[in-house]
Amino acid sequence: MTAIDDLLADARIPTAPRESFDVGAALRRLAADAAAVAAKPHPDTVRAAQAGQRLSVVCRWILNKPDAAEHVDRLAQEPETPADDGHLDVDGALVFACLLHLTDHRESAQFWWQLAAGAGHRAAAYCLHLHHLSLGETREARHWLHEVTDDVLDSEAPDGTFLATLEAVATYVRRTGSSLASAPTGGLEMEVDRLATAKPDSCIIVQRPDRRLADLMHDFTRR
C-alpha cells in the first residue's frame, strides 16, 4: 500500500445504515412549531393591539363626559372657516375626533385630533400617540407622547405616573364593561356617515358636525 493509499484510508468517513425518514413525525414537528409561533405573536403586534384597545376605551370615556355634547354643539355653531386657535372649540374637536374614531373614520379622527393637539390639548395628543402606536408608527407615536409630557412651557404637564394611571383606568373600564365604555348608538353612526357622504368629492376628511349631530349627541349623553 502506498502513502497515498494510507492517506485515503485515514480520510474515509465511516457510515452507518440509513434510518428510514418518518414523514408523519416531521409533519407533526412542523405543525407544533407553527402552533407555537401562532400562540406567541410578535411583541410589536401585541403592543399595537393593546394601544388600539386603550384608544377605544379613552374615546368612549371622552364621549360619555357630561359636557361632551355641549362642546360638539359649539363646534357645530362655529363659522365655516378654516379652523385655527381663534375659531376652534378644541374640546369639541377632541370629542368629534373620538366619535369619528369609534365610527371607523380613522383618517378624519386623526385630522381633528391634530387640530386640537396643535391648539395645546394634551388629551388629543395622547389620543394621537395611541393612534399611531396602534398602526405601528413608533416614531410618530413618540412625537405625540413627547407633546403630552413636555413640561418646557407647562410646569403641570402630566408625568409617567399620570399616564400609567390613565392606562390602568382604561384597562379597568375595558375589562369590567363600565358604562363609561358605552359605544355610540346606531343613530350617531348614521349621522356621522351622513356627514362623511356629504363632503366634497375632493375631500377625504369628514367636515365639522352640524346641528343634527349635536342634537343626537345631547340625547346620547342624557342616556
# chains A, B, ... in the order shown; residues from 1 in each chain; ligands from 1
call {"tool": "residues_around", "arguments": {"residues": "segment 142-152 of chain A", "least_positions_apart": "6", "cutoff": "9 Å", "atoms": "only C-alpha atoms", "output": "VMD selection string"}}
result
chain A and resid 117 120 to 130 132 to 133 158 to 160
call {"tool": "write_last_selection", "arguments": {"atoms": "N, CA and C atoms", "output": "JSON list (two decimals), in the first residue's frame"}}
result
[["chain", "number", "residue", "atom", "x", "y", "z"],
["A", 117, "ALA", "N", -54.73, 69.03, 19.17],
["A", 117, "ALA", "CA", -53.40, 68.93, 19.76],
["A", 117, "ALA", "C", -52.54, 70.13, 19.38],
["A", 120, "GLY", "N", -52.85, 72.85, 21.66],
["A", 120, "GLY", "CA", -52.34, 72.62, 23.01],
["A", 120, "GLY", "C", -53.14, 71.64, 23.84],
["A", 121, "HIS", "N", -54.06, 70.90, 23.24],
["A", 121, "HIS", "CA", -54.87, 69.95, 24.00],
["A", 121, "HIS", "C", -54.10, 68.65, 24.19],
["A", 122, "ARG", "N", -53.70, 68.38, 25.43],
["A", 122, "ARG", "CA", -52.85, 67.21, 25.70],
["A", 122, "ARG", "C", -53.60, 65.89, 25.56],
["A", 123, "ALA", "N", -54.88, 65.87, 25.87],
["A", 123, "ALA", "CA", -55.64, 64.64, 25.69],
["A", 123, "ALA", "C", -55.70, 64.24, 24.22],
["A", 124, "ALA", "N", -55.81, 65.24, 23.34],
["A", 124, "ALA", "CA", -55.80, 64.95, 21.90],
["A", 124, "ALA", "C", -54.43, 64.41, 21.48],
["A", 125, "ALA", "N", -53.37, 64.97, 22.05],
["A", 125, "ALA", "CA", -52.03, 64.48, 21.74],
["A", 125, "ALA", "C", -51.86, 63.04, 22.22],
["A", 126, "TYR", "N", -52.44, 62.72, 23.37],
["A", 126, "TYR", "CA", -52.37, 61.35, 23.88],
["A", 126, "TYR", "C", -53.13, 60.40, 22.97],
["A", 127, "CYS", "N", -54.29, 60.83, 22.48],
["A", 127, "CYS", "CA", -55.04, 60.01, 21.53],
["A", 127, "CYS", "C", -54.21, 59.76, 20.26],
["A", 128, "LEU", "N", -53.52, 60.79, 19.79],
["A", 128, "LEU", "CA", -52.66, 60.62, 18.62],
["A", 128, "LEU", "C", -51.52, 59.66, 18.91],
["A", 129, "HIS", "N", -50.97, 59.72, 20.11],
["A", 129, "HIS", "CA", -49.92, 58.78, 20.50],
["A", 129, "HIS", "C", -50.43, 57.34, 20.38],
["A", 130, "LEU", "N", -51.61, 57.06, 20.94],
["A", 130, "LEU", "CA", -52.16, 55.72, 20.88],
["A", 130, "LEU", "C", -52.55, 55.35, 19.45],
["A", 132, "HIS", "N", -51.18, 56.32, 16.54],
["A", 132, "HIS", "CA", -50.01, 55.94, 15.75],
["A", 132, "HIS", "C", -49.38, 54.65, 16.28],
["A", 133, "LEU", "N", -49.42, 54.46, 17.59],
["A", 133, "LEU", "CA", -48.88, 53.23, 18.16],
["A", 133, "LEU", "C", -49.68, 52.03, 17.68],
["A", 158, "PRO", "N", -48.46, 66.33, 32.46],
["A", 158, "PRO", "CA", -48.60, 65.02, 33.12],
["A", 158, "PRO", "C", -47.30, 64.23, 33.07],
["A", 159, "ASP", "N", -47.03, 63.50, 34.14],
["A", 159, "ASP", "CA", -45.80, 62.70, 34.18],
["A", 159, "ASP", "C", -46.12, 61.24, 33.91],
["A", 160, "GLY", "N", -45.09, 60.40, 34.05],
["A", 160, "GLY", "CA", -45.27, 58.98, 33.76],
["A", 160, "GLY", "C", -46.29, 58.32, 34.66]]
call {"tool": "residues_around", "arguments": {"residues": "His218 of chain A", "least_positions_apart": "6", "cutoff": "12 Å", "atoms": "only C-alpha atoms", "output": "list in words"}}
result
Leu63, Asn64, Lys65, Pro66, Asp67, Ala68, Ala69, Glu70, His71, Val72, Asp73, Leu188, Arg211 and Arg212 of chain A
call {"tool": "residues_around", "arguments": {"residues": "Arg47 of chain A", "least_positions_apart": "4", "cutoff": "10 Å", "atoms": "only C-alpha atoms", "output": "PDB file with N, CA and C atoms, in the first residue's frame"}}
result
ATOM      1  N   HIS A  42     -45.788  38.443  17.726  1.00  0.00           N
ATOM      2  CA  HIS A  42     -44.648  39.351  17.859  1.00  0.00           C
ATOM      3  C   HIS A  42     -44.983  40.468  18.854  1.00  0.00           C
ATOM      4  N   PRO A  43     -44.010  40.876  19.681  1.00  0.00           N
ATOM      5  CA  PRO A  43     -44.276  41.936  20.671  1.00  0.00           C
ATOM      6  C   PRO A  43     -44.831  43.216  20.048  1.00  0.00           C
ATOM      7  N   ALA A  51     -52.592  49.151  22.242  1.00  0.00           N
ATOM      8  CA  ALA A  51     -52.770  50.595  22.046  1.00  0.00           C
ATOM      9  C   ALA A  51     -54.128  50.885  21.426  1.00  0.00           C
ATOM     10  N   GLY A  52     -54.530  50.076  20.461  1.00  0.00           N
ATOM     11  CA  GLY A  52     -55.840  50.258  19.843  1.00  0.00           C
ATOM     12  C   GLY A  52     -56.982  50.064  20.829  1.00  0.00           C
ATOM     13  N   GLN A  53     -56.843  49.083  21.718  1.00  0.00           N
ATOM     14  CA  GLN A  53     -57.861  48.854  22.738  1.00  0.00           C
ATOM     15  C   GLN A  53     -57.935  50.021  23.714  1.00  0.00           C
ATOM     16  N   LEU A 133     -49.420  54.463  17.589  1.00  0.00           N
ATOM     17  CA  LEU A 133     -48.878  53.228  18.158  1.00  0.00           C
ATOM     18  C   LEU A 133     -49.683  52.029  17.676  1.00  0.00           C
ATOM     19  N   SER A 134     -50.987  52.184  17.557  1.00  0.00           N
ATOM     20  CA  SER A 134     -51.826  51.077  17.081  1.00  0.00           C
ATOM     21  C   SER A 134     -51.552  50.745  15.622  1.00  0.00           C
ATOM     22  N   LEU A 135     -51.013  51.710  14.873  1.00  0.00           N
ATOM     23  CA  LEU A 135     -50.672  51.484  13.465  1.00  0.00           C
ATOM     24  C   LEU A 135     -49.224  51.028  13.295  1.00  0.00           C
ATOM     25  N   GLY A 136     -48.504  50.903  14.403  1.00  0.00           N
ATOM     26  CA  GLY A 136     -47.100  50.512  14.328  1.00  0.00           C
ATOM     27  C   GLY A 136     -46.176  51.642  13.922  1.00  0.00           C
TER      28      GLY A 136
END
call {"tool": "atom_distance", "arguments": {"atom1": "atom CA of Ala48 of chain A", "atom2": "atom CA of Arg60 of chain A"}}
result
18.6 Å
call {"tool": "select_by_dssp", "arguments": {"residues": "segment 85-152 of chain A", "states": "helix (DSSP H, G or I)", "output": "number ranges by chain"}}
result
A: 90-102, 106-118, 122-134, 138-149
call {"tool": "write_last_selection", "arguments": {"atoms": "N, CA and C atoms", "output": "compact mmCIF listing (two decimals), in the first residue's frame"}}
result
# COMPACT_ATOMS: atom_id res chain seq x y z
N VAL A 90 -61.58 73.53 21.04
CA VAL A 90 -60.65 72.39 21.00
C VAL A 90 -61.23 71.17 21.69
N ASP A 91 -62.02 71.36 22.74
CA ASP A 91 -62.66 70.21 23.38
C ASP A 91 -63.68 69.58 22.43
N GLY A 92 -64.38 70.43 21.68
CA GLY A 92 -65.32 69.90 20.69
C GLY A 92 -64.60 69.11 19.61
N ALA A 93 -63.43 69.59 19.18
CA ALA A 93 -62.65 68.87 18.17
C ALA A 93 -62.20 67.52 18.72
N LEU A 94 -61.82 67.49 20.01
CA LEU A 94 -61.42 66.22 20.64
C LEU A 94 -62.58 65.24 20.66
N VAL A 95 -63.75 65.69 21.13
CA VAL A 95 -64.91 64.81 21.21
C VAL A 95 -65.31 64.31 19.82
N PHE A 96 -65.33 65.21 18.86
CA PHE A 96 -65.71 64.83 17.50
C PHE A 96 -64.72 63.82 16.93
N ALA A 97 -63.43 64.02 17.18
CA ALA A 97 -62.42 63.08 16.71
C ALA A 97 -62.63 61.69 17.32
N CYS A 98 -62.96 61.66 18.61
CA CYS A 98 -63.20 60.38 19.26
C CYS A 98 -64.43 59.69 18.67
N LEU A 99 -65.47 60.46 18.37
CA LEU A 99 -66.65 59.89 17.73
C LEU A 99 -66.29 59.34 16.35
N LEU A 100 -65.49 60.08 15.61
CA LEU A 100 -65.07 59.61 14.28
C LEU A 100 -64.25 58.32 14.39
N HIS A 101 -63.40 58.24 15.39
CA HIS A 101 -62.60 57.03 15.57
C HIS A 101 -63.50 55.83 15.85
N LEU A 102 -64.47 56.00 16.73
CA LEU A 102 -65.33 54.89 17.12
C LEU A 102 -66.30 54.49 16.02
N ARG A 106 -61.13 56.79 10.65
CA ARG A 106 -59.87 56.96 11.37
C ARG A 106 -59.04 58.12 10.83
N GLU A 107 -59.01 58.31 9.51
CA GLU A 107 -58.22 59.42 8.96
C GLU A 107 -58.81 60.76 9.39
N SER A 108 -60.12 60.85 9.40
CA SER A 108 -60.75 62.09 9.84
C SER A 108 -60.52 62.31 11.33
N ALA A 109 -60.55 61.24 12.10
CA ALA A 109 -60.28 61.37 13.53
C ALA A 109 -58.88 61.92 13.75
N GLN A 110 -57.90 61.42 13.00
CA GLN A 110 -56.54 61.91 13.14
C GLN A 110 -56.46 63.40 12.81
N PHE A 111 -57.18 63.83 11.78
CA PHE A 111 -57.18 65.24 11.39
C PHE A 111 -57.70 66.12 12.53
N TRP A 112 -58.83 65.76 13.14
CA TRP A 112 -59.42 66.58 14.20
C TRP A 112 -58.61 66.50 15.49
N TRP A 113 -58.01 65.35 15.76
CA TRP A 113 -57.10 65.27 16.91
C TRP A 113 -55.91 66.21 16.72
N GLN A 114 -55.39 66.26 15.50
CA GLN A 114 -54.24 67.12 15.23
C GLN A 114 -54.60 68.58 15.40
N LEU A 115 -55.83 68.96 15.00
CA LEU A 115 -56.26 70.34 15.20
C LEU A 115 -56.29 70.68 16.69
N ALA A 116 -56.86 69.78 17.48
CA ALA A 116 -56.94 70.03 18.92
C ALA A 116 -55.56 69.99 19.57
N ALA A 117 -54.73 69.03 19.17
CA ALA A 117 -53.40 68.93 19.76
C ALA A 117 -52.54 70.13 19.38
N GLY A 118 -52.72 70.63 18.15
CA GLY A 118 -51.99 71.82 17.73
C GLY A 118 -52.36 73.04 18.53
N ARG A 122 -53.70 68.38 25.43
CA ARG A 122 -52.85 67.21 25.70
C ARG A 122 -53.60 65.89 25.56
N ALA A 123 -54.88 65.87 25.87
CA ALA A 123 -55.64 64.64 25.69
C ALA A 123 -55.70 64.24 24.22
N ALA A 124 -55.81 65.24 23.34
CA ALA A 124 -55.80 64.95 21.90
C ALA A 124 -54.43 64.41 21.48
N ALA A 125 -53.37 64.97 22.05
CA ALA A 125 -52.03 64.48 21.74
C ALA A 125 -51.86 63.04 22.22
N TYR A 126 -52.44 62.72 23.37
CA TYR A 126 -52.37 61.35 23.88
C TYR A 126 -53.13 60.40 22.97
N CYS A 127 -54.29 60.83 22.48
CA CYS A 127 -55.04 60.01 21.53
C CYS A 127 -54.21 59.76 20.26
N LEU A 128 -53.52 60.79 19.79
CA LEU A 128 -52.66 60.62 18.62
C LEU A 128 -51.52 59.66 18.91
N HIS A 129 -50.97 59.72 20.11
CA HIS A 129 -49.92 58.78 20.50
C HIS A 129 -50.43 57.34 20.38
N LEU A 130 -51.61 57.06 20.94
CA LEU A 130 -52.16 55.72 20.88
C LEU A 130 -52.55 55.35 19.45
N HIS A 131 -53.07 56.32 18.70
CA HIS A 131 -53.47 56.07 17.31
C HIS A 131 -52.28 55.60 16.48
N HIS A 132 -51.18 56.32 16.54
CA HIS A 132 -50.01 55.94 15.75
C HIS A 132 -49.38 54.65 16.28
N LEU A 133 -49.42 54.46 17.59
CA LEU A 133 -48.88 53.23 18.16
C LEU A 133 -49.68 52.03 17.68
N SER A 134 -50.99 52.18 17.56
CA SER A 134 -51.83 51.08 17.08
C SER A 134 -51.55 50.75 15.62
N THR A 138 -44.10 53.99 15.23
CA THR A 138 -43.49 54.29 16.53
C THR A 138 -42.88 55.69 16.59
N ARG A 139 -42.32 56.16 15.48
CA ARG A 139 -41.71 57.48 15.51
C ARG A 139 -42.76 58.55 15.77
N GLU A 140 -43.89 58.48 15.05
CA GLU A 140 -44.97 59.44 15.27
C GLU A 140 -45.55 59.31 16.66
N ALA A 141 -45.66 58.06 17.15
CA ALA A 141 -46.19 57.84 18.50
C ALA A 141 -45.29 58.48 19.55
N ARG A 142 -43.98 58.38 19.37
CA ARG A 142 -43.05 59.01 20.33
C ARG A 142 -43.19 60.52 20.29
N HIS A 143 -43.37 61.07 19.09
CA HIS A 143 -43.51 62.52 18.97
C HIS A 143 -44.70 63.03 19.77
N TRP A 144 -45.86 62.36 19.63
CA TRP A 144 -47.05 62.84 20.32
C TRP A 144 -47.00 62.56 21.81
N LEU A 145 -46.31 61.51 22.21
CA LEU A 145 -46.12 61.29 23.64
C LEU A 145 -45.27 62.39 24.24
N HIS A 146 -44.27 62.84 23.49
CA HIS A 146 -43.45 63.97 23.95
C HIS A 146 -44.32 65.22 24.10
N GLU A 147 -45.26 65.42 23.17
CA GLU A 147 -46.15 66.57 23.28
C GLU A 147 -47.02 66.49 24.53
N VAL A 148 -47.33 65.27 24.96
CA VAL A 148 -48.15 65.09 26.17
C VAL A 148 -47.34 65.42 27.42
N THR A 149 -46.11 64.96 27.46
CA THR A 149 -45.33 65.03 28.69
C THR A 149 -44.36 66.20 28.75
call {"tool": "closest_residue", "arguments": {"among": "A:Leu88, A:Ile62, A:Ala76, A:Ala25", "to": "Leu213 of chain A", "atoms": "only C-alpha atoms"}}
result
A:Ala76
call {"tool": "atom_distance", "arguments": {"atom1": "atom CA of Met190 of chain A", "atom2": "atom CA of Thr103 of chain A"}}
result
9.1 Å
call {"tool": "residues_around", "arguments": {"residues": "Glu191 of chain A", "least_positions_apart": "2", "cutoff": "10 Å", "atoms": "only C-alpha atoms", "output": "PyMOL selection string"}}
result
chain A and resi 186-189+193-197+209-210+212-214+216
call {"tool": "write_last_selection", "arguments": {"atoms": "N, CA, C and O atoms", "output": "PDB file, in the first residue's frame"}}
result
ATOM      1  N   GLY A 186     -76.516  53.453  17.111  1.00  0.00           N
ATOM      2  CA  GLY A 186     -76.637  53.387  15.667  1.00  0.00           C
ATOM      3  C   GLY A 186     -76.999  54.728  15.052  1.00  0.00           C
ATOM      4  O   GLY A 186     -76.566  55.058  13.952  1.00  0.00           O
ATOM      5  N   GLY A 187     -77.819  55.523  15.789  1.00  0.00           N
ATOM      6  CA  GLY A 187     -78.190  56.832  15.273  1.00  0.00           C
ATOM      7  C   GLY A 187     -77.002  57.745  15.083  1.00  0.00           C
ATOM      8  O   GLY A 187     -76.901  58.457  14.070  1.00  0.00           O
ATOM      9  N   LEU A 188     -76.075  57.746  16.043  1.00  0.00           N
ATOM     10  CA  LEU A 188     -74.875  58.570  15.914  1.00  0.00           C
ATOM     11  C   LEU A 188     -74.023  58.103  14.746  1.00  0.00           C
ATOM     12  O   LEU A 188     -73.485  58.918  13.987  1.00  0.00           O
ATOM     13  N   GLU A 189     -73.892  56.803  14.592  1.00  0.00           N
ATOM     14  CA  GLU A 189     -73.099  56.272  13.487  1.00  0.00           C
ATOM     15  C   GLU A 189     -73.700  56.685  12.141  1.00  0.00           C
ATOM     16  O   GLU A 189     -72.978  57.055  11.211  1.00  0.00           O
ATOM     17  N   ASP A 193     -71.952  58.973   9.244  1.00  0.00           N
ATOM     18  CA  ASP A 193     -71.871  58.504   7.858  1.00  0.00           C
ATOM     19  C   ASP A 193     -72.515  59.511   6.909  1.00  0.00           C
ATOM     20  O   ASP A 193     -72.049  59.706   5.780  1.00  0.00           O
ATOM     21  N   ARG A 194     -73.604  60.149   7.357  1.00  0.00           N
ATOM     22  CA  ARG A 194     -74.246  61.163   6.528  1.00  0.00           C
ATOM     23  C   ARG A 194     -73.291  62.330   6.273  1.00  0.00           C
ATOM     24  O   ARG A 194     -73.170  62.812   5.130  1.00  0.00           O
ATOM     25  N   LEU A 195     -72.610  62.779   7.313  1.00  0.00           N
ATOM     26  CA  LEU A 195     -71.640  63.855   7.140  1.00  0.00           C
ATOM     27  C   LEU A 195     -70.513  63.432   6.209  1.00  0.00           C
ATOM     28  O   LEU A 195     -70.011  64.225   5.410  1.00  0.00           O
ATOM     29  N   ALA A 196     -70.103  62.167   6.334  1.00  0.00           N
ATOM     30  CA  ALA A 196     -68.999  61.667   5.506  1.00  0.00           C
ATOM     31  C   ALA A 196     -69.372  61.650   4.030  1.00  0.00           C
ATOM     32  O   ALA A 196     -68.543  61.962   3.161  1.00  0.00           O
ATOM     33  N   THR A 197     -70.616  61.302   3.729  1.00  0.00           N
ATOM     34  CA  THR A 197     -71.036  61.244   2.321  1.00  0.00           C
ATOM     35  C   THR A 197     -71.386  62.626   1.784  1.00  0.00           C
ATOM     36  O   THR A 197     -71.446  62.813   0.561  1.00  0.00           O
ATOM     37  N   PRO A 209     -69.154  68.903  12.618  1.00  0.00           N
ATOM     38  CA  PRO A 209     -70.520  68.447  12.874  1.00  0.00           C
ATOM     39  C   PRO A 209     -71.544  69.556  12.624  1.00  0.00           C
ATOM     40  O   PRO A 209     -71.210  70.742  12.624  1.00  0.00           O
ATOM     41  N   ASP A 210     -72.788  69.146  12.409  1.00  0.00           N
ATOM     42  CA  ASP A 210     -73.857  70.114  12.226  1.00  0.00           C
ATOM     43  C   ASP A 210     -74.858  69.983  13.371  1.00  0.00           C
ATOM     44  O   ASP A 210     -74.673  69.212  14.317  1.00  0.00           O
ATOM     45  N   ARG A 212     -77.844  68.670  13.542  1.00  0.00           N
ATOM     46  CA  ARG A 212     -78.468  67.353  13.712  1.00  0.00           C
ATOM     47  C   ARG A 212     -77.603  66.426  14.547  1.00  0.00           C
ATOM     48  O   ARG A 212     -78.094  65.753  15.453  1.00  0.00           O
ATOM     49  N   LEU A 213     -76.325  66.403  14.260  1.00  0.00           N
ATOM     50  CA  LEU A 213     -75.428  65.549  15.024  1.00  0.00           C
ATOM     51  C   LEU A 213     -75.314  66.049  16.463  1.00  0.00           C
ATOM     52  O   LEU A 213     -75.291  65.254  17.412  1.00  0.00           O
ATOM     53  N   ALA A 214     -75.248  67.369  16.651  1.00  0.00           N
ATOM     54  CA  ALA A 214     -75.149  67.924  18.001  1.00  0.00           C
ATOM     55  C   ALA A 214     -76.376  67.551  18.828  1.00  0.00           C
ATOM     56  O   ALA A 214     -76.259  67.194  20.012  1.00  0.00           O
ATOM     57  N   LEU A 216     -78.296  64.907  18.463  1.00  0.00           N
ATOM     58  CA  LEU A 216     -78.186  63.484  18.808  1.00  0.00           C
ATOM     59  C   LEU A 216     -77.169  63.252  19.909  1.00  0.00           C
ATOM     60  O   LEU A 216     -77.342  62.364  20.753  1.00  0.00           O
TER      61      LEU A 216
END
call {"tool": "atom_distance", "arguments": {"atom1": "atom CA of Met217 of chain A", "atom2": "atom CA of Leu75 of chain A"}}
result
12.2 Å
